[in-house]
file query24.txt (compact mmCIF, C-alpha atoms and all ligand atoms)
# COMPACT_ATOMS: atom_id res chain seq x y z
CA MET H 1251 -0.85 -16.67 -8.82
CA THR H 1252 -0.20 -13.49 -6.92
CA ASP H 1253 1.60 -13.99 -3.68
CA ALA H 1254 0.43 -12.89 -0.28
CA GLY H 1255 2.49 -15.15 1.91
CA GLY H 1256 4.70 -18.01 0.89
CA ALA H 1257 2.68 -19.03 -2.17
CA ARG H 1258 4.09 -20.37 -5.41
CA LEU H 1259 4.92 -17.58 -7.84
CA ASN H 1260 5.24 -17.56 -11.62
CA VAL H 1261 8.68 -16.09 -12.13
CA VAL H 1262 10.04 -15.24 -15.56
CA VAL H 1263 13.84 -15.29 -15.59
CA GLY H 1264 15.15 -13.43 -18.63
CA ILE H 1265 18.75 -14.21 -19.46
CA THR H 1266 20.69 -12.05 -21.89
CA GLY H 1267 24.07 -12.40 -23.54
CA GLY H 1268 26.79 -11.68 -21.01
CA ILE H 1269 29.29 -13.91 -19.26
CA ALA H 1270 27.30 -13.52 -16.02
CA ALA H 1271 24.65 -15.71 -17.71
CA TYR H 1272 26.32 -18.64 -15.96
CA LYS H 1273 25.33 -17.10 -12.63
CA ALA H 1274 21.72 -16.81 -13.83
CA VAL H 1275 21.59 -20.61 -13.47
CA GLY H 1276 21.93 -19.98 -9.72
CA VAL H 1277 19.05 -17.48 -9.81
CA ALA H 1278 16.74 -20.01 -11.52
CA ARG H 1279 17.86 -22.76 -9.15
CA ALA H 1280 17.24 -20.75 -5.98
CA LEU H 1281 13.76 -19.78 -7.19
CA VAL H 1282 12.87 -23.40 -8.01
CA LEU H 1283 14.17 -24.60 -4.65
CA ALA H 1284 12.06 -21.93 -2.96
CA GLY H 1285 9.03 -23.56 -4.59
CA HIS H 1286 8.35 -21.16 -7.46
CA ASP H 1287 7.54 -21.91 -11.10
CA VAL H 1288 10.37 -20.61 -13.27
CA GLN H 1289 10.01 -19.84 -16.98
CA VAL H 1290 13.36 -19.04 -18.54
CA ILE H 1291 13.48 -16.77 -21.57
CA ALA H 1292 17.00 -16.80 -22.94
CA THR H 1293 18.12 -14.60 -25.80
CA GLU H 1294 20.08 -16.20 -28.65
CA HIS H 1295 23.18 -14.47 -27.28
CA ALA H 1296 22.57 -15.87 -23.79
CA LEU H 1297 22.59 -19.41 -25.21
CA ARG H 1298 26.16 -18.84 -26.39
CA PHE H 1299 27.17 -18.54 -22.74
CA VAL H 1300 24.99 -21.19 -21.11
CA GLY H 1301 23.37 -24.25 -22.66
CA ARG H 1302 19.66 -24.82 -23.09
CA PRO H 1303 19.79 -28.29 -21.43
CA THR H 1304 21.33 -26.76 -18.31
CA LEU H 1305 18.60 -24.13 -18.10
CA GLU H 1306 15.83 -26.66 -18.77
CA ALA H 1307 17.15 -29.08 -16.16
CA ILE H 1308 17.50 -26.35 -13.56
CA SER H 1309 14.22 -24.53 -14.26
CA ARG H 1310 12.29 -27.80 -14.83
CA ASN H 1311 10.52 -26.13 -17.77
CA PRO H 1312 11.20 -25.70 -21.49
CA VAL H 1313 13.40 -22.70 -22.22
CA HIS H 1314 11.84 -20.11 -24.54
CA THR H 1315 13.93 -18.18 -27.04
CA ASP H 1316 12.14 -17.81 -30.31
CA LEU H 1317 9.40 -15.29 -30.97
CA TYR H 1318 8.01 -17.59 -33.68
CA GLU H 1319 7.57 -20.67 -31.51
CA GLY H 1320 4.23 -21.30 -29.80
CA VAL H 1321 2.52 -18.67 -31.97
CA ALA H 1322 -0.84 -20.46 -31.68
CA GLU H 1323 -0.79 -19.92 -27.93
CA VAL H 1324 0.22 -16.26 -28.40
CA ARG H 1325 3.30 -16.92 -26.37
CA HIS H 1326 4.88 -13.51 -26.99
CA VAL H 1327 2.32 -11.99 -24.64
CA ALA H 1328 1.11 -15.04 -22.67
CA ILE H 1329 4.29 -15.50 -20.65
CA GLY H 1330 4.35 -11.85 -19.57
CA GLN H 1331 0.65 -11.85 -18.73
CA ALA H 1332 0.99 -14.91 -16.50
CA ALA H 1333 4.08 -13.63 -14.67
CA ASP H 1334 4.04 -12.51 -11.04
CA VAL H 1335 7.50 -11.04 -11.47
CA VAL H 1336 10.04 -10.73 -14.30
CA VAL H 1337 13.74 -10.88 -13.46
CA ILE H 1338 16.35 -10.12 -16.10
CA ALA H 1339 19.74 -11.40 -15.03
CA PRO H 1340 22.16 -10.57 -16.41
CA ALA H 1341 20.89 -7.46 -18.14
CA THR H 1342 23.49 -6.32 -20.65
CA ALA H 1343 23.96 -2.69 -21.71
CA ASN H 1344 22.30 -3.63 -24.99
CA THR H 1345 19.26 -5.12 -23.21
CA LEU H 1346 18.90 -2.06 -20.95
CA ALA H 1347 18.97 0.16 -24.04
CA LYS H 1348 16.33 -1.96 -25.75
CA LEU H 1349 14.10 -2.04 -22.68
CA ALA H 1350 14.41 1.74 -22.28
CA ALA H 1351 13.34 2.20 -25.90
CA GLY H 1352 10.55 -0.38 -25.65
CA ILE H 1353 12.02 -2.50 -28.42
CA ALA H 1354 10.31 -5.85 -28.88
CA ASP H 1355 12.38 -7.65 -31.50
CA ASP H 1356 12.71 -10.80 -29.42
CA LEU H 1357 10.62 -12.85 -27.00
CA LEU H 1358 12.08 -11.16 -23.91
CA GLY H 1359 11.31 -7.66 -25.24
CA ASN H 1360 7.72 -8.71 -26.01
CA THR H 1361 7.32 -10.30 -22.59
CA VAL H 1362 8.45 -7.18 -20.77
CA LEU H 1363 6.07 -4.99 -22.79
CA ALA H 1364 3.19 -7.40 -22.17
CA THR H 1365 3.58 -7.80 -18.43
CA LYS H 1366 1.95 -5.85 -15.64
CA ALA H 1367 4.15 -7.60 -13.08
CA PRO H 1368 7.14 -5.94 -11.41
CA VAL H 1369 10.29 -6.05 -13.56
CA LEU H 1370 13.77 -6.34 -12.08
CA VAL H 1371 17.03 -6.02 -13.93
CA ALA H 1372 20.45 -7.12 -12.68
CA PRO H 1373 22.90 -5.26 -14.90
CA ALA H 1374 26.26 -6.83 -15.73
CA MET H 1375 28.86 -5.23 -17.94
CA HIS H 1376 32.28 -3.64 -17.91
CA THR H 1377 32.70 -0.50 -15.84
CA GLU H 1378 33.13 1.75 -18.87
CA MET H 1379 29.85 0.54 -20.35
CA TRP H 1380 28.02 0.96 -17.02
CA ALA H 1381 29.38 4.51 -16.67
CA ASN H 1382 28.62 5.43 -20.29
CA PRO H 1383 26.10 8.30 -20.44
CA ALA H 1384 23.84 6.23 -22.71
CA THR H 1385 23.61 3.44 -20.14
CA VAL H 1386 23.24 5.92 -17.27
CA ALA H 1387 20.32 7.59 -19.08
CA ASN H 1388 18.71 4.25 -19.95
CA VAL H 1389 18.91 3.02 -16.35
CA ALA H 1390 17.50 6.32 -15.05
CA LEU H 1391 14.58 6.06 -17.48
CA LEU H 1392 13.88 2.45 -16.50
CA ARG H 1393 13.94 3.34 -12.80
CA GLU H 1394 11.56 6.21 -13.47
CA ARG H 1395 9.14 3.73 -15.02
CA GLY H 1396 9.28 1.52 -11.96
CA VAL H 1397 11.82 -1.05 -13.10
CA ARG H 1398 13.87 -2.19 -10.10
CA VAL H 1399 17.61 -2.32 -10.51
CA VAL H 1400 19.62 -4.81 -8.45
CA GLY H 1401 23.35 -4.13 -8.36
CA PRO H 1402 25.67 -4.10 -10.13
CA ALA H 1403 28.29 -4.90 -7.52
CA SER H 1404 31.83 -3.68 -7.66
CA GLY H 1405 34.51 -6.30 -8.03
CA ARG H 1406 36.48 -8.47 -10.36
CA LEU H 1407 35.15 -8.43 -13.94
CA THR H 1408 35.72 -10.97 -16.69
CA GLY H 1409 39.19 -9.85 -17.70
CA GLU H 1410 41.99 -8.51 -15.53
CA ASP H 1411 40.00 -5.42 -14.59
CA SER H 1412 37.71 -4.78 -11.68
CA GLY H 1413 35.17 -2.10 -10.78
CA PRO H 1414 31.41 -1.54 -10.80
CA GLY H 1415 29.66 -3.81 -13.31
CA ARG H 1416 29.68 -7.26 -11.71
CA MET H 1417 26.25 -8.85 -11.60
CA ALA H 1418 24.74 -8.97 -8.09
CA GLU H 1419 24.92 -12.41 -6.46
CA PRO H 1420 22.01 -14.78 -7.19
CA ASP H 1421 20.67 -14.76 -3.62
CA GLU H 1422 20.50 -10.97 -3.64
CA ILE H 1423 18.64 -11.00 -6.96
CA VAL H 1424 16.18 -13.63 -5.72
CA ALA H 1425 15.59 -11.71 -2.49
CA ALA H 1426 14.85 -8.54 -4.47
CA ALA H 1427 12.51 -10.42 -6.82
CA LEU H 1428 10.51 -11.91 -3.96
CA ALA H 1429 10.43 -8.59 -2.10
CA ALA H 1430 8.98 -6.96 -5.24
CA VAL H 1431 5.81 -9.04 -4.98
CA ARG H 1432 5.30 -9.02 -1.23
CA PRO H 1433 3.14 -6.49 0.54
CA GLN H 1434 5.59 -4.08 2.20
CA ASP H 1435 3.63 -4.17 5.44
CA LEU H 1436 6.76 -4.16 7.61
CA ALA H 1437 8.40 -1.19 5.87
CA GLY H 1438 10.27 0.96 8.35
CA ARG H 1439 10.08 -1.65 11.12
CA ARG H 1440 13.21 -2.92 12.87
CA ILE H 1441 13.11 -6.60 13.66
CA VAL H 1442 15.64 -8.65 15.58
CA VAL H 1443 15.54 -12.40 15.01
CA THR H 1444 17.64 -14.93 16.89
CA ALA H 1445 18.29 -18.20 15.06
CA GLY H 1446 20.21 -21.44 15.48
CA GLY H 1447 21.42 -22.96 18.71
CA THR H 1448 23.94 -21.63 21.19
CA ARG H 1449 26.87 -23.85 22.18
CA GLU H 1450 28.68 -23.93 25.46
CA PRO H 1451 32.33 -25.00 25.31
CA LEU H 1452 33.70 -27.69 27.58
CA ASP H 1453 37.23 -27.39 26.28
CA PRO H 1454 38.81 -26.07 23.05
CA VAL H 1455 37.34 -28.93 20.99
CA ARG H 1456 34.04 -29.89 22.67
CA PHE H 1457 30.75 -28.21 23.42
CA LEU H 1458 27.26 -28.78 24.79
CA GLY H 1459 24.72 -27.86 22.14
CA ASN H 1460 21.39 -28.68 20.58
CA ARG H 1461 20.00 -29.76 17.23
CA SER H 1462 18.59 -26.46 16.03
CA SER H 1463 19.57 -25.78 12.40
CA GLY H 1464 18.42 -22.17 12.38
CA ARG H 1465 16.10 -22.79 9.41
CA GLN H 1466 12.94 -21.33 10.96
CA GLY H 1467 14.78 -18.28 12.31
CA VAL H 1468 16.48 -17.64 8.97
CA ALA H 1469 13.13 -18.04 7.18
CA LEU H 1470 11.66 -15.43 9.54
CA ALA H 1471 14.53 -13.05 8.85
CA GLU H 1472 14.09 -13.50 5.09
CA ALA H 1473 10.33 -13.14 5.24
CA ALA H 1474 10.56 -9.95 7.32
CA ARG H 1475 13.18 -8.54 4.95
CA ASP H 1476 10.95 -9.30 1.95
CA ARG H 1477 8.11 -7.39 3.61
CA GLY H 1478 10.27 -4.31 3.99
CA ALA H 1479 11.63 -4.67 7.54
CA GLN H 1480 15.16 -3.78 8.57
CA VAL H 1481 16.33 -7.08 9.99
CA THR H 1482 19.13 -7.97 12.39
CA LEU H 1483 19.80 -11.69 12.61
CA LEU H 1484 21.62 -12.92 15.71
CA ALA H 1485 22.99 -16.18 14.36
CA ALA H 1486 24.18 -19.07 16.53
CA HIS H 1487 25.61 -21.94 14.49
CA LEU H 1488 23.36 -21.92 11.46
CA GLU H 1489 23.28 -24.96 9.19
CA VAL H 1490 21.84 -22.81 6.40
CA PRO H 1491 23.41 -19.85 4.61
CA VAL H 1492 22.83 -16.40 6.07
CA PRO H 1493 20.36 -14.40 3.95
CA ALA H 1494 21.40 -11.39 1.87
CA GLY H 1495 20.12 -7.98 2.85
CA VAL H 1496 20.01 -8.51 6.61
CA THR H 1497 22.52 -7.47 9.27
CA VAL H 1498 24.08 -10.61 10.72
CA VAL H 1499 25.77 -10.86 14.13
CA THR H 1500 27.38 -14.23 14.75
CA VAL H 1501 27.45 -15.61 18.29
CA GLU H 1502 28.62 -18.80 19.98
CA THR H 1503 27.33 -18.98 23.53
CA THR H 1504 24.23 -17.91 25.44
CA ALA H 1505 26.27 -15.15 27.09
CA GLN H 1506 27.32 -13.82 23.68
CA LEU H 1507 23.76 -14.01 22.42
CA GLY H 1508 22.64 -12.10 25.51
CA ALA H 1509 25.22 -9.38 24.88
CA ALA H 1510 24.26 -9.06 21.20
CA LEU H 1511 20.58 -9.01 22.11
CA GLY H 1512 21.21 -6.26 24.66
CA VAL H 1513 22.64 -4.09 21.88
CA ALA H 1514 20.18 -4.95 19.10
CA ALA H 1515 16.92 -5.03 21.09
CA VAL H 1516 17.03 -1.44 22.34
CA THR H 1517 16.16 -0.08 18.90
CA ALA H 1518 13.89 -2.94 17.77
CA ASP H 1519 10.13 -2.75 17.25
CA THR H 1520 9.95 -6.54 17.41
CA VAL H 1521 12.20 -9.25 18.83
CA VAL H 1522 11.65 -12.83 17.67
CA MET H 1523 13.50 -15.40 19.76
CA ALA H 1524 13.63 -18.41 17.46
CA ALA H 1525 17.04 -19.59 18.65
CA ALA H 1526 17.37 -22.65 20.85
CA VAL H 1527 19.28 -21.18 23.75
CA ALA H 1528 21.47 -23.44 25.91
CA ASP H 1529 20.00 -23.32 29.41
CA TYR H 1530 23.18 -24.52 31.12
CA ARG H 1531 26.91 -24.13 30.62
CA PRO H 1532 29.81 -26.08 32.08
CA ALA H 1533 30.86 -24.62 35.42
CA GLU H 1534 34.43 -24.62 34.14
CA VAL H 1535 35.86 -24.47 30.65
CA ALA H 1536 39.14 -26.36 30.37
CA GLU H 1537 41.93 -24.40 28.70
CA GLN H 1538 43.39 -27.58 27.24
CA LYS H 1539 41.63 -30.57 25.72
CA LEU H 1540 40.29 -32.85 28.45
CA LYS H 1541 42.09 -36.21 28.47
CA LYS H 1542 40.47 -39.59 29.14
CA ASP H 1543 43.33 -40.78 31.29
CA ALA H 1544 42.92 -37.86 33.63
CA LEU H 1545 39.10 -38.03 33.64
CA GLY H 1546 38.73 -41.75 34.36
CA ALA H 1547 35.88 -44.12 33.45
CA ASP H 1548 32.89 -42.06 34.60
CA VAL H 1549 32.60 -38.34 34.20
CA THR H 1550 30.19 -36.01 35.94
CA LEU H 1551 29.84 -32.59 34.43
CA SER H 1552 29.04 -29.72 36.68
CA LEU H 1553 26.74 -27.22 34.94
CA VAL H 1554 25.52 -23.80 35.89
CA ARG H 1555 22.30 -22.17 34.77
CA ASN H 1556 22.41 -19.60 31.99
CA PRO H 1557 20.22 -16.53 32.21
CA ASP H 1558 16.84 -16.72 30.49
CA LEU H 1559 17.32 -14.11 27.78
CA LEU H 1560 13.66 -13.86 26.89
CA ARG H 1561 12.73 -13.27 30.51
CA ALA H 1562 15.58 -10.73 30.78
CA LEU H 1563 14.03 -8.87 27.89
CA THR H 1564 10.49 -8.75 29.27
CA ALA H 1565 11.07 -8.52 33.02
CA GLY H 1566 14.78 -8.76 33.77
CA GLU H 1567 17.91 -6.74 33.28
CA LEU H 1568 17.18 -5.77 29.65
CA ALA H 1569 13.58 -4.73 30.38
CA ALA H 1570 14.49 -1.21 31.59
CA GLU H 1571 15.71 -0.29 28.11
CA ARG H 1572 12.85 -1.97 26.30
CA PRO H 1573 11.20 0.53 23.93
CA ALA H 1574 7.51 1.19 24.55
CA GLY H 1575 5.33 -0.97 22.34
CA GLN H 1576 8.07 -3.45 21.49
CA VAL H 1577 6.59 -6.83 20.59
CA VAL H 1578 8.45 -9.84 21.96
CA VAL H 1579 7.90 -13.27 20.44
CA GLY H 1580 9.12 -16.47 22.07
CA PHE H 1581 9.33 -19.98 20.73
CA ALA H 1582 8.57 -23.18 22.56
CA ALA H 1583 9.90 -26.46 21.28
CA GLU H 1584 8.23 -29.27 23.19
CA THR H 1585 8.31 -33.07 22.91
CA GLU H 1586 4.91 -33.58 24.57
CA ASP H 1587 2.60 -35.89 22.54
CA ASP H 1588 -0.79 -34.94 23.94
CA PRO H 1589 -2.08 -31.83 22.07
CA ASP H 1590 -3.98 -30.49 25.10
CA GLU H 1591 -1.01 -30.88 27.37
CA LEU H 1592 1.19 -29.29 24.68
CA LEU H 1593 -1.07 -26.27 24.63
CA ARG H 1594 -1.15 -26.08 28.40
CA LEU H 1595 2.66 -26.04 28.43
CA ALA H 1596 2.69 -23.28 25.82
CA ARG H 1597 0.24 -21.12 27.75
CA GLU H 1598 2.18 -21.61 30.92
CA LYS H 1599 5.43 -20.73 29.12
CA ALA H 1600 3.94 -17.62 27.48
CA ALA H 1601 2.89 -16.33 30.89
CA ARG H 1602 6.16 -17.29 32.59
CA LYS H 1603 8.24 -15.58 29.90
CA GLY H 1604 6.04 -12.49 29.66
CA VAL H 1605 5.98 -12.62 25.86
CA ASP H 1606 3.38 -11.03 23.61
CA PHE H 1607 3.26 -14.14 21.43
CA LEU H 1608 4.59 -17.66 21.76
CA VAL H 1609 5.12 -19.87 18.74
CA LEU H 1610 4.63 -23.47 19.69
CA ASN H 1611 6.12 -26.32 17.73
CA ARG H 1612 6.49 -29.97 18.51
CA VAL H 1613 9.97 -31.40 18.21
CA GLY H 1614 11.29 -34.91 18.45
CA TRP H 1615 13.92 -37.28 17.19
CA THR H 1616 12.61 -36.87 13.64
CA GLU H 1617 10.49 -33.73 13.93
CA GLY H 1618 11.13 -30.01 13.91
CA PHE H 1619 14.91 -29.79 13.90
CA GLY H 1620 16.76 -29.57 10.62
CA THR H 1621 13.68 -30.27 8.50
CA PRO H 1622 12.42 -27.88 5.82
CA ARG H 1623 8.84 -28.02 7.16
CA ASN H 1624 7.20 -27.00 10.38
CA THR H 1625 3.81 -27.04 12.08
CA VAL H 1626 3.12 -24.32 14.61
CA ARG H 1627 0.44 -22.77 16.75
CA ILE H 1628 0.69 -19.18 17.90
CA VAL H 1629 -0.55 -18.28 21.35
CA ASP H 1630 -0.93 -14.73 22.64
CA ARG H 1631 -0.15 -13.37 26.09
CA ALA H 1632 -3.58 -14.36 27.37
CA GLY H 1633 -3.13 -17.92 26.12
CA SER H 1634 -5.56 -17.71 23.18
CA ILE H 1635 -4.61 -19.41 19.94
CA VAL H 1636 -4.27 -16.55 17.44
CA GLY H 1637 -2.79 -18.42 14.50
CA GLU H 1638 -1.81 -21.80 13.11
CA ALA H 1639 0.43 -22.75 10.22
CA ALA H 1640 1.83 -25.85 8.58
CA GLY H 1641 4.11 -26.01 5.59
CA ASP H 1642 7.61 -25.05 4.51
CA LYS H 1643 9.39 -22.84 7.00
CA VAL H 1644 9.14 -19.74 4.76
CA SER H 1645 5.33 -20.02 4.55
CA VAL H 1646 5.19 -20.60 8.29
CA ALA H 1647 7.39 -17.51 8.77
CA HIS H 1648 4.99 -15.39 6.74
CA ARG H 1649 2.03 -16.69 8.72
CA ILE H 1650 3.78 -15.75 11.98
CA LEU H 1651 4.49 -12.27 10.59
CA ASP H 1652 0.85 -11.95 9.49
CA VAL H 1653 -0.18 -12.43 13.11
CA LEU H 1654 2.35 -9.86 14.31
CA VAL H 1655 1.22 -7.34 11.69
N1 LIG A 1701 15.18 -18.83 25.79
C1 LIG A 1701 15.95 -17.78 26.25
N2 LIG A 1701 16.96 -18.02 27.14
C2 LIG A 1701 17.18 -19.25 27.63
C3 LIG A 1701 16.38 -20.32 27.18
C4 LIG A 1701 15.40 -20.08 26.27
O1 LIG A 1701 15.76 -16.67 25.81
N3 LIG A 1701 18.15 -19.44 28.50
C5 LIG A 1701 14.09 -18.56 24.84
C6 LIG A 1701 14.15 -19.29 23.52
O2 LIG A 1701 14.80 -18.53 22.54
C7 LIG A 1701 12.69 -19.48 23.19
C8 LIG A 1701 12.01 -19.53 24.53
O3 LIG A 1701 12.93 -18.98 25.46
O4 LIG A 1701 12.17 -18.37 22.50
C9 LIG A 1701 11.61 -20.87 25.01
O5 LIG A 1701 12.67 -21.75 25.03
P1 LIG A 1701 12.52 -23.20 25.67
O6 LIG A 1701 13.83 -23.88 25.62
O7 LIG A 1701 11.32 -23.88 25.06
O8 LIG A 1701 12.10 -22.80 27.14
P2 LIG A 1701 12.87 -22.91 28.50
O9 LIG A 1701 12.67 -21.64 29.24
O10 LIG A 1701 14.26 -23.34 28.30
O11 LIG A 1701 12.01 -23.99 29.26
P3 LIG A 1701 12.15 -25.59 29.28
O12 LIG A 1701 13.35 -25.93 28.43
O13 LIG A 1701 12.34 -25.90 30.71
O14 LIG A 1701 10.86 -26.07 28.72
call {"tool": "encode", "arguments": {"input": "query24.txt", "output": "structure tokens"}}
result
Amino acid sequence: MTDAGGARLNVVVGITGGIAAYKAVGVARALVLAGHDVQVIATEHALRFVGRPTLEAISRNPVHTDLYEGVAEVRHVAIGQAADVVVIAPATANTLAKLAAGIADDLLGNTVLATKAPVLVAPAMHTEMWANPATVANVALLRERGVRVVGPASGRLTGEDSGPGRMAEPDEIVAAALAAVRPQDLAGRRIVVTAGGTREPLDPVRFLGNRSSGRQGVALAEAARDRGAQVTLLAAHLEVPVPAGVTVVTVETTAQLGAALGVAAVTADTVVMAAAVADYRPAEVAEQKLKKDALGADVTLSLVRNPDLLRALTAGELAAERPAGQVVVGFAAETEDDPDELLRLAREKAARKGVDFLVLNRVGWTEGFGTPRNTVRIVDRAGSIVGEAAGDKVSVAHRILDVLV
């Protein structure tokens, strides 16, 4: 099915015969974990580098190689027709040449000719082959026809040499593949997303923090990137990897997040404050590790209030530099059980924080934090519910962006 938000896509992963084929396993894996259906087409040469059982286990589907298998179901065109996107990783110099010439002497060649879906290639080869005029001309021709080219990166190659020709990393390839099928409705927009949870140090080894994993914020950053936005992610202690293709600024404390926000927000069209920001910090940070003997049996911590960054953005010290028309989105994580009371809290918070939208989610001991799923309601400045979403955090992210768009 064709994707509008976070829907399941039919992705064809073509693997050709280069050593980077082992990294194609990571491409298939990331796509499966993101909830997509992956059909691997491996060339005979690819199977010399990576085994069929590996690819079948990872893709959770049979691996197709032979043009003369599944003839009754007209497989040589059926796979391409059903695809939402075709990703060829690695694409060898030989494969690029064949694709440029429209050669269909194997299943992958047939699939590419039969598909109307976007086609991406991730070239991988030695620098000399990449720079060869034949390859340069083939890549130029493919680009002209709308084929997207991801990488290659420059770096260590198979032997002792290094230079341009290394296959792009799997997460970059996956990001490009997903971006190819998304509406580019955020093209040209600059979006700042805060994610994770800030931590306030007590001493060199201890901190006050919260349970935010950063998953929803990272999903928002990825979703915005895939829809064409230029994304800056202000990351506070993420438990998930930072996404490729976004600018990442790493912060520790609320003060550091505030400073980074002050810099990033002045050029942003939209600021999404998904991070769980520590509201208090210890009045004093000990230079040395605090010792039990010195502290005694009972300890009372003295805390001071941190600034409310969201409020600073809409009505405080950062508001003067706020660009006209900038959309500010807050999050509210509440433990309230009663749905009406939950909504009342959200409306009150939206007004108090002066945000354009507030994303409300319920959290608890087993809910919200660190889980791959989320359930949210989106409230506008006036307190009206303008959107609802439940599902994996990427789908929820797309739904939130739909409302903003
Ligand atoms: N937030 C902020 N600065 C703070 C605290 C929170 O910018 N010092 C932002 C969060 O990023 C989030 C929103 O404010 O987008 C709401 O956070 P939340 O913790 O729910 O609200 P609080 O203002 O801390 O209110 P309370 O904890 O009392 O409910």
call {"tool": "residues_near_point", "arguments": {"input": "query24.txt", "point": "(5.1, -5.1, -18.6)", "cutoff": "12 Å", "atoms": "all atoms listed in the file", "output": "number ranges by chain"}}
result
H: 1262, 1326-1337, 1349, 1352, 1354, 1358-1370, 1392, 1395-1397
call {"tool": "write_last_selection", "arguments": {"input": "query24.txt", "atoms": "C-alpha atoms", "output": "short mmCIF file (atom, residue, chain, number, x, y, z; two decimals), in the frame of the given file"}}
result
data_model
loop_
_atom_site.label_atom_id
_atom_site.label_comp_id
_atom_site.auth_asym_id
_atom_site.auth_seq_id
_atom_site.Cartn_x
_atom_site.Cartn_y
_atom_site.Cartn_z
CA VAL H 1262 10.04 -15.24 -15.56
CA HIS H 1326 4.88 -13.51 -26.99
CA VAL H 1327 2.32 -11.99 -24.64
CA ALA H 1328 1.11 -15.04 -22.67
CA ILE H 1329 4.29 -15.50 -20.65
CA GLY H 1330 4.35 -11.85 -19.57
CA GLN H 1331 0.65 -11.85 -18.73
CA ALA H 1332 0.99 -14.91 -16.50
CA ALA H 1333 4.08 -13.63 -14.67
CA ASP H 1334 4.04 -12.51 -11.04
CA VAL H 1335 7.50 -11.04 -11.47
CA VAL H 1336 10.04 -10.73 -14.30
CA VAL H 1337 13.74 -10.88 -13.46
CA LEU H 1349 14.10 -2.04 -22.68
CA GLY H 1352 10.55 -0.38 -25.65
CA ALA H 1354 10.31 -5.85 -28.88
CA LEU H 1358 12.08 -11.16 -23.91
CA GLY H 1359 11.31 -7.66 -25.24
CA ASN H 1360 7.72 -8.71 -26.01
CA THR H 1361 7.32 -10.30 -22.59
CA VAL H 1362 8.45 -7.18 -20.77
CA LEU H 1363 6.07 -4.99 -22.79
CA ALA H 1364 3.19 -7.40 -22.17
CA THR H 1365 3.58 -7.80 -18.43
CA LYS H 1366 1.95 -5.85 -15.64
CA ALA H 1367 4.15 -7.60 -13.08
CA PRO H 1368 7.14 -5.94 -11.41
CA VAL H 1369 10.29 -6.05 -13.56
CA LEU H 1370 13.77 -6.34 -12.08
CA LEU H 1392 13.88 2.45 -16.50
CA ARG H 1395 9.14 3.73 -15.02
CA GLY H 1396 9.28 1.52 -11.96
CA VAL H 1397 11.82 -1.05 -13.10
#
call {"tool": "closest_atom_pairs", "arguments": {"input": "query24.txt", "of": "chain H", "to": "ligand LIG 1701 (chain A)", "cutoff": "6 Å", "atoms": "all atoms listed in the file", "output": "JSON lines"}}
result
{"residue": "H:Met1523", "atom": "CA", "partner": "A:LIG1701", "partner_atom": "O4", "distance": 4.3}
{"residue": "H:Ala1524", "atom": "CA", "partner": "A:LIG1701", "partner_atom": "O2", "distance": 5.2}
{"residue": "H:Ala1525", "atom": "CA", "partner": "A:LIG1701", "partner_atom": "O2", "distance": 4.6}
{"residue": "H:Ala1526", "atom": "CA", "partner": "A:LIG1701", "partner_atom": "O2", "distance": 5.1}
{"residue": "H:Val1527", "atom": "CA", "partner": "A:LIG1701", "partner_atom": "C3", "distance": 4.6}
{"residue": "H:Ala1528", "atom": "CA", "partner": "A:LIG1701", "partner_atom": "N3", "distance": 5.8}
{"residue": "H:Asp1529", "atom": "CA", "partner": "A:LIG1701", "partner_atom": "N3", "distance": 4.4}
{"residue": "H:Asn1556", "atom": "CA", "partner": "A:LIG1701", "partner_atom": "N3", "distance": 5.5}
{"residue": "H:Pro1557", "atom": "CA", "partner": "A:LIG1701", "partner_atom": "N3", "distance": 5.1}
{"residue": "H:Asp1558", "atom": "CA", "partner": "A:LIG1701", "partner_atom": "N2", "distance": 3.6}
{"residue": "H:Leu1559", "atom": "CA", "partner": "A:LIG1701", "partner_atom": "O1", "distance": 3.6}
{"residue": "H:Leu1560", "atom": "CA", "partner": "A:LIG1701", "partner_atom": "O1", "distance": 3.7}
{"residue": "H:Gly1580", "atom": "CA", "partner": "A:LIG1701", "partner_atom": "O4", "distance": 3.6}
{"residue": "H:Phe1581", "atom": "CA", "partner": "A:LIG1701", "partner_atom": "O4", "distance": 3.7}
{"residue": "H:Ala1582", "atom": "CA", "partner": "A:LIG1701", "partner_atom": "O7", "distance": 3.8}
{"residue": "H:Ala1583", "atom": "CA", "partner": "A:LIG1701", "partner_atom": "O7", "distance": 4.8}
call {"tool": "atom_distance", "arguments": {"input": "query24.txt", "atom1": "atom CA of H:Ala1278", "atom2": "atom CA of H:Ala1257"}}
result
16.9 Å
call {"tool": "atom_distance", "arguments": {"input": "query24.txt", "atom1": "atom CA of H:Gln1538", "atom2": "atom CA of H:Phe1457"}}
result
13.2 Å
call {"tool": "atom_distance", "arguments": {"input": "query24.txt", "atom1": "atom CA of H:Phe1299", "atom2": "atom CA of H:Asp1421"}}
result
20.5 Å
call {"tool": "residues_around", "arguments": {"input": "query24.txt", "residues": "stretch 1591-1599 of chain H", "least_positions_apart": "5", "cutoff": "8 Å", "atoms": "all atoms listed in the file", "output": "ChimeraX atom specification"}}
result
/H:1582,1584,1586,1608,1610,1629,1631-1633
call {"tool": "residues_around", "arguments": {"input": "query24.txt", "residues": "H:Ile1423", "least_positions_apart": "5", "cutoff": "9 Å", "atoms": "all atoms listed in the file", "output": "VMD selection string"}}
result
chain H and resid 1277 1337 1339 1370 to 1372 1400 to 1401 1418 1428
call {"tool": "closest_residue", "arguments": {"input": "query24.txt", "among": "H:Val1442, H:Ala1601, H:Arg1449, H:Ala1474", "to": "H:Val1498", "atoms": "all atoms listed in the file"}}
result
H:Val1442
